[in-house]
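Read the structure below first, then the notes.
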There are 4 protein chains.
Amino acid sequence: MAGNSFGDIFKITTFGESHGKAIGVIIDGCPSLIEIDEEFIQSELDKRKPGQSKITTQRKESDTAQILSGVFEGKSTGTPIAIIIPNEDQRSKDYSHIQDKFRPSHADFTYQQKYGIRDYRGGGRSSARETAARVAAGAIAKLFLKKHGIEIFAHVSGVGHIEAPNIDSADLNALLQIREDNIVRCADPATANEMAEFIDGIRKNGDTVGGRISTVIRNVPVGLGEPVFDKLHADLAKAMMSINAVHGFEYGSGFEGSFMKGSEHNDIFVNENSKVKTLTNFSGGIQGGISNGMDITFKTAFKPVATIMRDQATINEEGQDTTISGKGRHDPCVVPRAVIIVEAMAALVIADHLLKFNAYK
Amino acid sequence: MAGNSFGDIFKITTFGESHGKAIGVIIDGCPSLIEIDEEFIQSELDKRKPGQSKITTQRKESDTAQILSGVFEGKSTGTPIAIIIPNEDQRSKDYSHIQDKFRPSHADFTYQQKYGIRDYRGGGRSSARETAARVAAGAIAKLFLKKHGIEIFAHVSGVGHIEAPNIDSADLNALLQIREDNIVRCADPATANEMAEFIDGIRKNGDTVGGRISTVIRNVPVGLGEPVFDKLHADLAKAMMSINAVHGFEYGSGFEGSFMKGSEHNDIFVNENSKVKTLTNFSGGIQGGISNGMDITFKTAFKPVATIMRDQATINEEGQDTTISGKGRHDPCVVPRAVIIVEAMAALVIADHLLKFNAYK
Amino acid sequence: MAGNSFGDIFKITTFGESHGKAIGVIIDGCPSLIEIDEEFIQSELDKRKPGQSKITTQRKESDTAQILSGVFEGKSTGTPIAIIIPNEDQRSKDYSHIQDKFRPSHADFTYQQKYGIRDYRGGGRSSARETAARVAAGAIAKLFLKKHGIEIFAHVSGVGHIEAPNIDSADLNALLQIREDNIVRCADPATANEMAEFIDGIRKNGDTVGGRISTVIRNVPVGLGEPVFDKLHADLAKAMMSINAVHGFEYGSGFEGSFMKGSEHNDIFVNENSKVKTLTNFSGGIQGGISNGMDITFKTAFKPVATIMRDQATINEEGQDTTISGKGRHDPCVVPRAVIIVEAMAALVIADHLLKFNAYK
Amino acid sequence: MAGNSFGDIFKITTFGESHGKAIGVIIDGCPSLIEIDEEFIQSELDKRKPGQSKITTQRKESDTAQILSGVFEGKSTGTPIAIIIPNEDQRSKDYSHIQDKFRPSHADFTYQQKYGIRDYRGGGRSSARETAARVAAGAIAKLFLKKHGIEIFAHVSGVGHIEAPNIDSADLNALLQIREDNIVRCADPATANEMAEFIDGIRKNGDTVGGRISTVIRNVPVGLGEPVFDKLHADLAKAMMSINAVHGFEYGSGFEGSFMKGSEHNDIFVNENSKVKTLTNFSGGIQGGISNGMDITFKTAFKPVATIMRDQATINEEGQDTTISGKGRHDPCVVPRAVIIVEAMAALVIADHLLKFNAYK
């Protein structure tokens, strides 16, 4: 109810504050006999960790995952997998200036009002640092999905006004390589360069900018998702909207689809070598809340990071007018690091629904 | 797990198929001593029911709610409130032509694959008829929220390419009256006329069109929503994406916010007569997943209805090519009736989070 | 949270008051393609219904189940199965004398305090009439379990001071026939006669008496139950303790086992024709919370019915001393009818855990 | 679903194996502003830890709790409280002899069958070492309940054939002192001595013995517990049955009540100085599943520890006959250490229901 868990069968619970001793996650419900490849988990964390490039925060965290339970001789045992990631580079003093002030468009005000207390250091629990725990859990979900041939690929498709062209997603491995070859994590190299320059300019100006991430999930069997409330795309929506800074979600034709006519939008079924396909995929791989075997596609919109390196008016805990100056170490644009968080949450949703699906096989 | 329930404390479970004996809902967790105004419940159902105007389906259903339990001498007792809505105008024969064919962009194919059986009559469980049960439950949630002064208002802000101008939402009751005075349920009369004509043209052409609904929730106390996974907007997103035909959700600045800079997007706190407000509301009334006391605003995008009055290619259950012709009684555009469904789901989310919030008061 | 649901995957939600329009249940998560044998469901309800014999309440209810959804052409479709059982023989006037008085050892006082309102007629929601809905749902769970060869058998093993001898449970069908041949539902005919006479004497004396029910579940595969909190016997305990009037639960060796030594109590594993068995079954078929393939055995203790045909001192809603006289139609001993409720709840627990188990197969 | 969580609003999730790096717990939903007294938490763990006396296992574990999150400046913040307890005295070699054998009446066989893999060292996840995490969480629940004046007291009321006399429970603090003055944790000193001698004799004989724990919960407000499935005693039953080795649970009159008549068993309401009481308390403080303000009383039965210092026949993973010899460090009787586990689980149930209750206040 306090909302730190996600999933029903493949379920995670995260904990930890930005400047506490550690953050972490318990994964409950991971099937047994999954090979837990710790190098892979670390490589996923490395894609999210701070300090990767000039356009990410300069906080230095190795984000080293320690597995405390649930793994025996390299394999999952079916019992809860607990992972902790110690915090290393806490500079809590950086935050003394916000101890009793509410940063604009942050969670300082709402946390204080809700709980009557808050760990103000680095935003405490509201910090996006929490998402490292999700990435660790998502890595394990990916290892499970891999056994079933399911692939997940996300990339930065928009930064501010810059929009990447539609990419050919036939070969996700090739796209992954392109994506990881640039600091923005866009699968179109030319756009990536443009974005990187744009973000760097924004950063030098003490400002921040929003962006968009596009995702495709491939090889999902027909039948995942529960009709009515737990539709597959409804759970994906909740997963994505739970990521810090996300303000919008659409799948398949999305908002654009609401401008279209039925005669344009309907996906015609065809039988291609004994496999049912649709000629178009405005449905985004999901019909009636249930996967239809086509690629699942969705897009997520991130607002600009709220911490800017400028003076801003605000109020303090006593409700008095005051000014807050931009300090601390922050990202000018969150989407390059968020790509791996989006993938992690997508993996968790699919893993959970795959197990639900299996219950009835 | 099978996903026919929504909410944790204020929880509903719906049942029923389009052409079965009845549809209905159990509301479990409604506080006791709420006056259950049956006329209000019926008036809400009337806003969703078919046959309201020339631009809605001509199926004739009175959608009469019968309360079976949980109410004693006009008040809720704290025990489950069961409501059934008998189906009256089933013309199941209308559907014999789709018995073994999969309608494009419908849930016929995925249901058949998932369950190995489906009630094909009118789409069975996948029919939007299920949402009548949500509206009945939402009406009770509204009666509860009314005691706390919380108001919810939705209207059609877009149909196809037609977009309503931003409306002044200071007086929601006045807007409600305007909205109910036109068959499209748009709060801008001029746009409403344009939309109605457009939809009617679409209908005459045997086609359908998508649309958008904008919602505002007012007087929500500061503190609703659970940080991390059960953020208030994440639960709203799931609620909205669970409505038939919804393909997109955004709150506050939404997708547009992802084009903005932090310096433009930040909402500055001010203290206005001892009440904390923000000068702008790009946050959509939610910060860190928790309500901040400002209006909660979000938008929902609906794809065009998949049933069109035209011949379409498809396949049958044996995987053979076939043709399907448009029959049955359907809406040319779903948003006029969906307004009340959006409000109902929003009411359910807020009611649930209000009770969660109370648990810690 | 309001606690009217049971189960995670095979989940039921019940509703209804003793003297309302109807009681009922939604079964969400029943697998598709189960043949829904309505005669069987009715025959189960008939075993619980009032008025069966001189030692049960004389209220006349046909307890006719109406299926409203989730069944198509005789088979479950995977969507929620809603069942309602209309109330027929409400004599609400019988209860006007308790309108503002709290019956001793009933739920009148606690309901009134918790909710500030109560449907006093026949105990409202606290009436054991609610269990008819469980029996209907349990019947469907049994139909599902039958496909897997799982059998459940309960019988009255004790009434007051009368204790049935241990019965040979090799042939459960034979026992079932013996049990149904007597009005007490004890599988030992001689004891059954003794019990029937004893209960009738109690009844004539305007009094009531408690009793015990013993249950065996056979052919449960190895592996059901989740270690730690959702141990199979912990879920059985909760299921049984949720039945009206149950005050005690034990499985396997039970309380008696707490008097024993480890050297007496350990169940030795043997391999019998490639099937692992244990020489004794003090574990009651469950080890570490997980079924081990042996018979699952447990016992449930019921307190005497609180309504007695005598005058009793009590207080009224104003807290004043008053007297309450015994009226209404009640059972002198609840266990004969409770046998089928115990079986139903056991079936629901096993069905739920079987689906959980399947999720990982 | 994998069952490592307990509670709905005040919810815990435990992790860890007997011989892994650490065990631990996440407490999600603890109210904010609770003073987290770490000394108290440690003192509770000390009551459960091994090596306390000659009649407990000689494994040496300091059971030192480390709080990783959710506490700021000594107070709970409303975010998840993660606690880890590192394992220190792992002698995994002690367990090589059971690597491929199934110990009688242990969970080795069922875990192996369910998961296809098991951490055999010390029983892995099935070890009662997991309960240390529950005790840490229970300590925090107690700190919360203390604010509401709620007291919980358990003691050993039976060991094998030795049964403590009924104790006067008017002064729970005095009883606590008596209980902690003896190694058995029985609140009757004479019986405690007898029990201690008896257990030591059992231990010297390489055997083990079962026992019983009686609990009283005081000052619970009227109204806790949800009728129908989540009755307060049903949740207590599940909590208790989820503790390793528990085979039986009863509340109020328990099994004995099933031998009684209604005229003997009914608890008569009286108004004592404007407070409603009952003259007797066969209801165990719970009526209709809801607390009535009287003491909540229940008893729990523990089977004898399965590990005995004797040779026993069993089978190995290949299904072949073999012999297993008693090794490792184990308790001859589990109840002296289990007292604190029972209290912890009771505290968790009451804390959870108190928050549910508050949601509707």
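In the structure tokens, each chain is lettered A, B, ... as it comes, each chain's residues begin at 1, and ligands are numbered from 1 in order of appearance.
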Taking only C-alpha atoms into account and nothing else, which residues of chain D lie no more than 12 Å away from chain B? Please answer as a ChimeraX atom specification. /D:1,8-10,28-34,78-80,144,226-228,351-361
Closest contacts (stretch 43-141 of chain C/stretch 272-280 of chain D, max 12 Å, only C-alpha atoms) as JSON lines:
{"residue": "C:Phe102", "atom": "CA", "partner": "D:Val276", "partner_atom": "CA", "distance": 10.9}
{"residue": "C:Arg103", "atom": "CA", "partner": "D:Thr278", "partner_atom": "CA", "distance": 11.6}
{"residue": "C:Pro104", "atom": "CA", "partner": "D:Thr278", "partner_atom": "CA", "distance": 8.6}
{"residue": "C:Ser105", "atom": "CA", "partner": "D:Thr278", "partner_atom": "CA", "distance": 9.1}
{"residue": "C:His106", "atom": "CA", "partner": "D:Thr278", "partner_atom": "CA", "distance": 11.9}
{"residue": "C:Phe109", "atom": "CA", "partner": "D:Val276", "partner_atom": "CA", "distance": 9.4}
{"residue": "C:Thr110", "atom": "CA", "partner": "D:Val276", "partner_atom": "CA", "distance": 10.8}
{"residue": "C:Gln113", "atom": "CA", "partner": "D:Val276", "partner_atom": "CA", "distance": 10.9}
Give me, as a ChimeraX atom specification, all polymer residues having an atom no more than 10 Å from D:Val220, counting only C-alpha atoms and skipping those fewer than 3 positions away in the same chain. /D:145,148-152,217,223-224,285,291-296,350,354
May I have the residues within 10 Å of B:Ser263 as a PDB file with C-alpha atoms, in the first residue's frame, using only C-alpha atoms and disregarding those fewer than 2 positions away in the same chain?
ATOM      1  CA  GLY A 206      22.686  26.071 -16.356  1.00  0.00           C
ATOM      2  CA  ASP A 207      19.425  24.775 -17.718  1.00  0.00           C
ATOM      3  CA  THR A 208      17.852  21.370 -18.373  1.00  0.00           C
ATOM      4  CA  VAL A 209      15.631  19.897 -21.062  1.00  0.00           C
ATOM      5  CA  PRO A 304      13.034  18.577 -17.915  1.00  0.00           C
ATOM      6  CA  VAL A 305      15.039  17.960 -14.716  1.00  0.00           C
ATOM      7  CA  ALA A 306      13.806  20.360 -12.052  1.00  0.00           C
ATOM      8  CA  THR A 307      17.206  21.248 -10.610  1.00  0.00           C
ATOM      9  CA  ILE A 308      18.674  24.088 -12.633  1.00  0.00           C
ATOM     10  CA  MET A 309      21.852  26.046 -11.933  1.00  0.00           C
ATOM     11  CA  ARG A 310      20.002  29.286 -11.447  1.00  0.00           C
ATOM     12  CA  GLN A 312      14.706  30.608  -8.260  1.00  0.00           C
TER      13      GLN A 312
ATOM     14  CA  MET B 260      10.529  22.324 -22.669  1.00  0.00           C
ATOM     15  CA  LYS B 261      13.456  23.565 -20.605  1.00  0.00           C
ATOM     16  CA  HIS B 265       8.778  24.237 -16.767  1.00  0.00           C
ATOM     17  CA  ASN B 266       9.437  24.709 -13.053  1.00  0.00           C
ATOM     18  CA  ASP B 267       6.378  25.628 -10.996  1.00  0.00           C
TER      19      ASP B 267
END
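For B:Glu343, the residues within 7 Å (counting only C-alpha atoms, excluding itself and residues fewer than 2 positions away along the chain) are Ile152, Phe153, Ala154, Val339, Ile340, Ile341, Met345, Ala346 and Ala347 of chain B.
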Write out as number ranges by chain which residues come within 9 Å of stretch 49-56 of chain D when counting only C-alpha atoms, dropping same-chain ones fewer than 5 positions away. D: 44, 61-63, 129, 132, 183-184, 196, 199-200, 203, 329-334, 336-337
Would you pick out the contacts of D:Lys231 at 9 Å or less, using only C-alpha atoms, so that residues sharing its chain but fewer than 2 positions from it are not included, and give the list as a PyMOL selection string? (chain C and resi 3+238+241-242) or (chain D and resi 224-229+233-236+286+288-290)
Could you turn the residues from that selection into a file that holds N, CA and C atoms, as a compact mmCIF listing (two decimals), in the first residue's frame?
# COMPACT_ATOMS: atom_id res chain seq x y z
N GLY C 3 -11.67 -6.99 3.08
CA GLY C 3 -11.64 -8.39 3.44
C GLY C 3 -12.76 -9.27 2.94
N LYS C 238 -5.98 -19.85 7.69
CA LYS C 238 -6.73 -18.61 7.52
C LYS C 238 -8.11 -18.89 6.92
N MET C 241 -10.27 -20.47 9.67
CA MET C 241 -10.58 -19.53 10.75
C MET C 241 -11.52 -18.43 10.27
N SER C 242 -11.63 -18.27 8.95
CA SER C 242 -12.53 -17.24 8.42
C SER C 242 -13.98 -17.72 8.39
N LEU D 224 -11.03 -3.44 15.27
CA LEU D 224 -9.98 -3.95 14.38
C LEU D 224 -10.38 -5.32 13.82
N GLY D 225 -10.05 -5.56 12.57
CA GLY D 225 -10.40 -6.82 11.93
C GLY D 225 -11.47 -6.57 10.89
N GLU D 226 -11.37 -7.30 9.80
CA GLU D 226 -12.35 -7.13 8.73
C GLU D 226 -13.22 -8.38 8.68
N PRO D 227 -14.52 -8.19 8.66
CA PRO D 227 -15.39 -9.36 8.69
C PRO D 227 -15.18 -10.21 7.45
N VAL D 228 -15.72 -11.36 7.43
CA VAL D 228 -15.67 -12.33 6.35
C VAL D 228 -14.25 -12.94 6.27
N PHE D 229 -13.43 -12.63 5.30
CA PHE D 229 -12.20 -13.41 5.15
C PHE D 229 -11.04 -12.92 6.00
N HIS D 233 -8.85 -12.81 13.88
CA HIS D 233 -8.28 -14.09 14.33
C HIS D 233 -7.82 -14.94 13.15
N ALA D 234 -8.42 -14.73 11.97
CA ALA D 234 -7.96 -15.48 10.79
C ALA D 234 -6.57 -15.01 10.39
N ASP D 235 -6.35 -13.71 10.49
CA ASP D 235 -5.01 -13.19 10.16
C ASP D 235 -4.00 -13.58 11.23
N LEU D 236 -4.43 -13.59 12.49
CA LEU D 236 -3.52 -14.07 13.55
C LEU D 236 -3.18 -15.54 13.31
N ILE D 286 -12.51 -11.19 20.36
CA ILE D 286 -12.84 -11.01 18.94
C ILE D 286 -14.23 -11.57 18.69
N GLY D 288 -17.18 -11.85 15.57
CA GLY D 288 -17.43 -11.59 14.15
C GLY D 288 -16.17 -11.17 13.43
N GLY D 289 -15.03 -11.56 13.98
CA GLY D 289 -13.75 -11.23 13.34
C GLY D 289 -13.22 -9.86 13.71
N ILE D 290 -13.93 -9.16 14.60
CA ILE D 290 -13.61 -7.77 14.94
C ILE D 290 -13.31 -7.69 16.44
For the structure I just gave you, how does DSSP split stretch 74-279 of chain C - specifically, which residues are strand (DSSP E)? Reply as a VMD selection string. chain C and resid 75 to 76 81 to 86 151 to 159 162 to 163 211 to 218 246 to 251 269 to 272 275 to 278
Between atom CA of B:Ala237 and atom CA of B:Lys47, what distance in Å does the model show, to one decimal? 22.8 Å
Could you write out, as a list in words, all the residues of stretch 249-349 of chain D that DSSP marks as alpha helix (DSSP H)?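 The alpha helix (DSSP H) subset of stretch 249-349 of chain D is Gly254, Phe255, Glu256, Gly257, Gly262, Ser263, Glu264, His265, Val335, Pro336, Arg337, Ala338, Val339, Ile340, Ile341, Val342, Glu343, Ala344, Met345, Ala346, Ala347, Leu348 and Val349 of chain D.
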Keeping N, CA and C atoms, export the residues of the selection given above as a PDB file, in the first residue's frame.
ATOM      1  N   GLY D 254     -11.102 -21.767  21.986  1.00  0.00           N
ATOM      2  CA  GLY D 254     -10.356 -22.730  21.186  1.00  0.00           C
ATOM      3  C   GLY D 254     -11.026 -24.076  21.028  1.00  0.00           C
ATOM      4  N   PHE D 255     -10.201 -25.126  20.959  1.00  0.00           N
ATOM      5  CA  PHE D 255     -10.743 -26.475  20.798  1.00  0.00           C
ATOM      6  C   PHE D 255     -11.680 -26.836  21.945  1.00  0.00           C
ATOM      7  N   GLU D 256     -11.323 -26.392  23.143  1.00  0.00           N
ATOM      8  CA  GLU D 256     -12.150 -26.672  24.303  1.00  0.00           C
ATOM      9  C   GLU D 256     -13.569 -26.132  24.108  1.00  0.00           C
ATOM     10  N   GLY D 257     -13.658 -24.993  23.457  1.00  0.00           N
ATOM     11  CA  GLY D 257     -14.971 -24.391  23.225  1.00  0.00           C
ATOM     12  C   GLY D 257     -15.888 -25.279  22.407  1.00  0.00           C
ATOM     13  N   GLY D 262     -23.788 -23.614  24.183  1.00  0.00           N
ATOM     14  CA  GLY D 262     -23.954 -22.171  24.004  1.00  0.00           C
ATOM     15  C   GLY D 262     -24.262 -21.462  25.314  1.00  0.00           C
ATOM     16  N   SER D 263     -25.051 -22.099  26.142  1.00  0.00           N
ATOM     17  CA  SER D 263     -25.445 -21.460  27.406  1.00  0.00           C
ATOM     18  C   SER D 263     -24.249 -21.281  28.339  1.00  0.00           C
ATOM     19  N   GLU D 264     -23.222 -22.103  28.160  1.00  0.00           N
ATOM     20  CA  GLU D 264     -22.003 -21.946  28.966  1.00  0.00           C
ATOM     21  C   GLU D 264     -21.028 -20.968  28.326  1.00  0.00           C
ATOM     22  N   HIS D 265     -21.069 -20.916  27.011  1.00  0.00           N
ATOM     23  CA  HIS D 265     -19.997 -20.281  26.230  1.00  0.00           C
ATOM     24  C   HIS D 265     -20.256 -18.811  25.957  1.00  0.00           C
ATOM     25  N   VAL D 335      10.295 -23.650  21.681  1.00  0.00           N
ATOM     26  CA  VAL D 335       9.388 -22.628  22.218  1.00  0.00           C
ATOM     27  C   VAL D 335      10.046 -21.495  23.019  1.00  0.00           C
ATOM     28  N   PRO D 336      11.120 -21.744  23.786  1.00  0.00           N
ATOM     29  CA  PRO D 336      11.685 -20.604  24.527  1.00  0.00           C
ATOM     30  C   PRO D 336      12.111 -19.445  23.616  1.00  0.00           C
ATOM     31  N   ARG D 337      12.704 -19.757  22.472  1.00  0.00           N
ATOM     32  CA  ARG D 337      13.089 -18.700  21.545  1.00  0.00           C
ATOM     33  C   ARG D 337      11.899 -18.236  20.704  1.00  0.00           C
ATOM     34  N   ALA D 338      10.916 -19.097  20.530  1.00  0.00           N
ATOM     35  CA  ALA D 338       9.797 -18.760  19.651  1.00  0.00           C
ATOM     36  C   ALA D 338       8.845 -17.744  20.278  1.00  0.00           C
ATOM     37  N   VAL D 339       8.923 -17.591  21.598  1.00  0.00           N
ATOM     38  CA  VAL D 339       8.042 -16.634  22.278  1.00  0.00           C
ATOM     39  C   VAL D 339       8.123 -15.261  21.618  1.00  0.00           C
ATOM     40  N   ILE D 340       9.331 -14.847  21.318  1.00  0.00           N
ATOM     41  CA  ILE D 340       9.522 -13.502  20.772  1.00  0.00           C
ATOM     42  C   ILE D 340       9.082 -13.431  19.311  1.00  0.00           C
ATOM     43  N   ILE D 341       9.119 -14.564  18.645  1.00  0.00           N
ATOM     44  CA  ILE D 341       8.642 -14.608  17.249  1.00  0.00           C
ATOM     45  C   ILE D 341       7.116 -14.491  17.222  1.00  0.00           C
ATOM     46  N   VAL D 342       6.488 -15.203  18.145  1.00  0.00           N
ATOM     47  CA  VAL D 342       5.028 -15.122  18.257  1.00  0.00           C
ATOM     48  C   VAL D 342       4.607 -13.679  18.541  1.00  0.00           C
ATOM     49  N   GLU D 343       5.295 -13.042  19.471  1.00  0.00           N
ATOM     50  CA  GLU D 343       4.965 -11.644  19.782  1.00  0.00           C
ATOM     51  C   GLU D 343       5.170 -10.749  18.558  1.00  0.00           C
ATOM     52  N   ALA D 344       6.250 -10.994  17.835  1.00  0.00           N
ATOM     53  CA  ALA D 344       6.547 -10.168  16.655  1.00  0.00           C
ATOM     54  C   ALA D 344       5.449 -10.298  15.613  1.00  0.00           C
ATOM     55  N   MET D 345       5.043 -11.531  15.329  1.00  0.00           N
ATOM     56  CA  MET D 345       4.002 -11.726  14.309  1.00  0.00           C
ATOM     57  C   MET D 345       2.670 -11.136  14.786  1.00  0.00           C
ATOM     58  N   ALA D 346       2.378 -11.270  16.074  1.00  0.00           N
ATOM     59  CA  ALA D 346       1.150 -10.678  16.607  1.00  0.00           C
ATOM     60  C   ALA D 346       1.193  -9.160  16.445  1.00  0.00           C
ATOM     61  N   ALA D 347       2.357  -8.572  16.736  1.00  0.00           N
ATOM     62  CA  ALA D 347       2.494  -7.115  16.604  1.00  0.00           C
ATOM     63  C   ALA D 347       2.275  -6.681  15.156  1.00  0.00           C
ATOM     64  N   LEU D 348       2.783  -7.469  14.224  1.00  0.00           N
ATOM     65  CA  LEU D 348       2.629  -7.128  12.811  1.00  0.00           C
ATOM     66  C   LEU D 348       1.165  -7.179  12.386  1.00  0.00           C
ATOM     67  N   VAL D 349       0.447  -8.192  12.860  1.00  0.00           N
ATOM     68  CA  VAL D 349      -0.977  -8.307  12.515  1.00  0.00           C
ATOM     69  C   VAL D 349      -1.752  -7.119  13.086  1.00  0.00           C
TER      70      VAL D 349
END
State, in Å with one decimal place, the distance from atom CA of C:Asp321 to atom CA of C:Gln112.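 Computed distance, atom CA of C:Asp321 to atom CA of C:Gln112, equals 17.1 Å.
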Quote the spacing between atom CA of B:Ala133 and atom CA of B:Gly24 in Å to one decimal place.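 We find that atom CA of B:Ala133 and atom CA of B:Gly24 lie 5.1 Å from each other.
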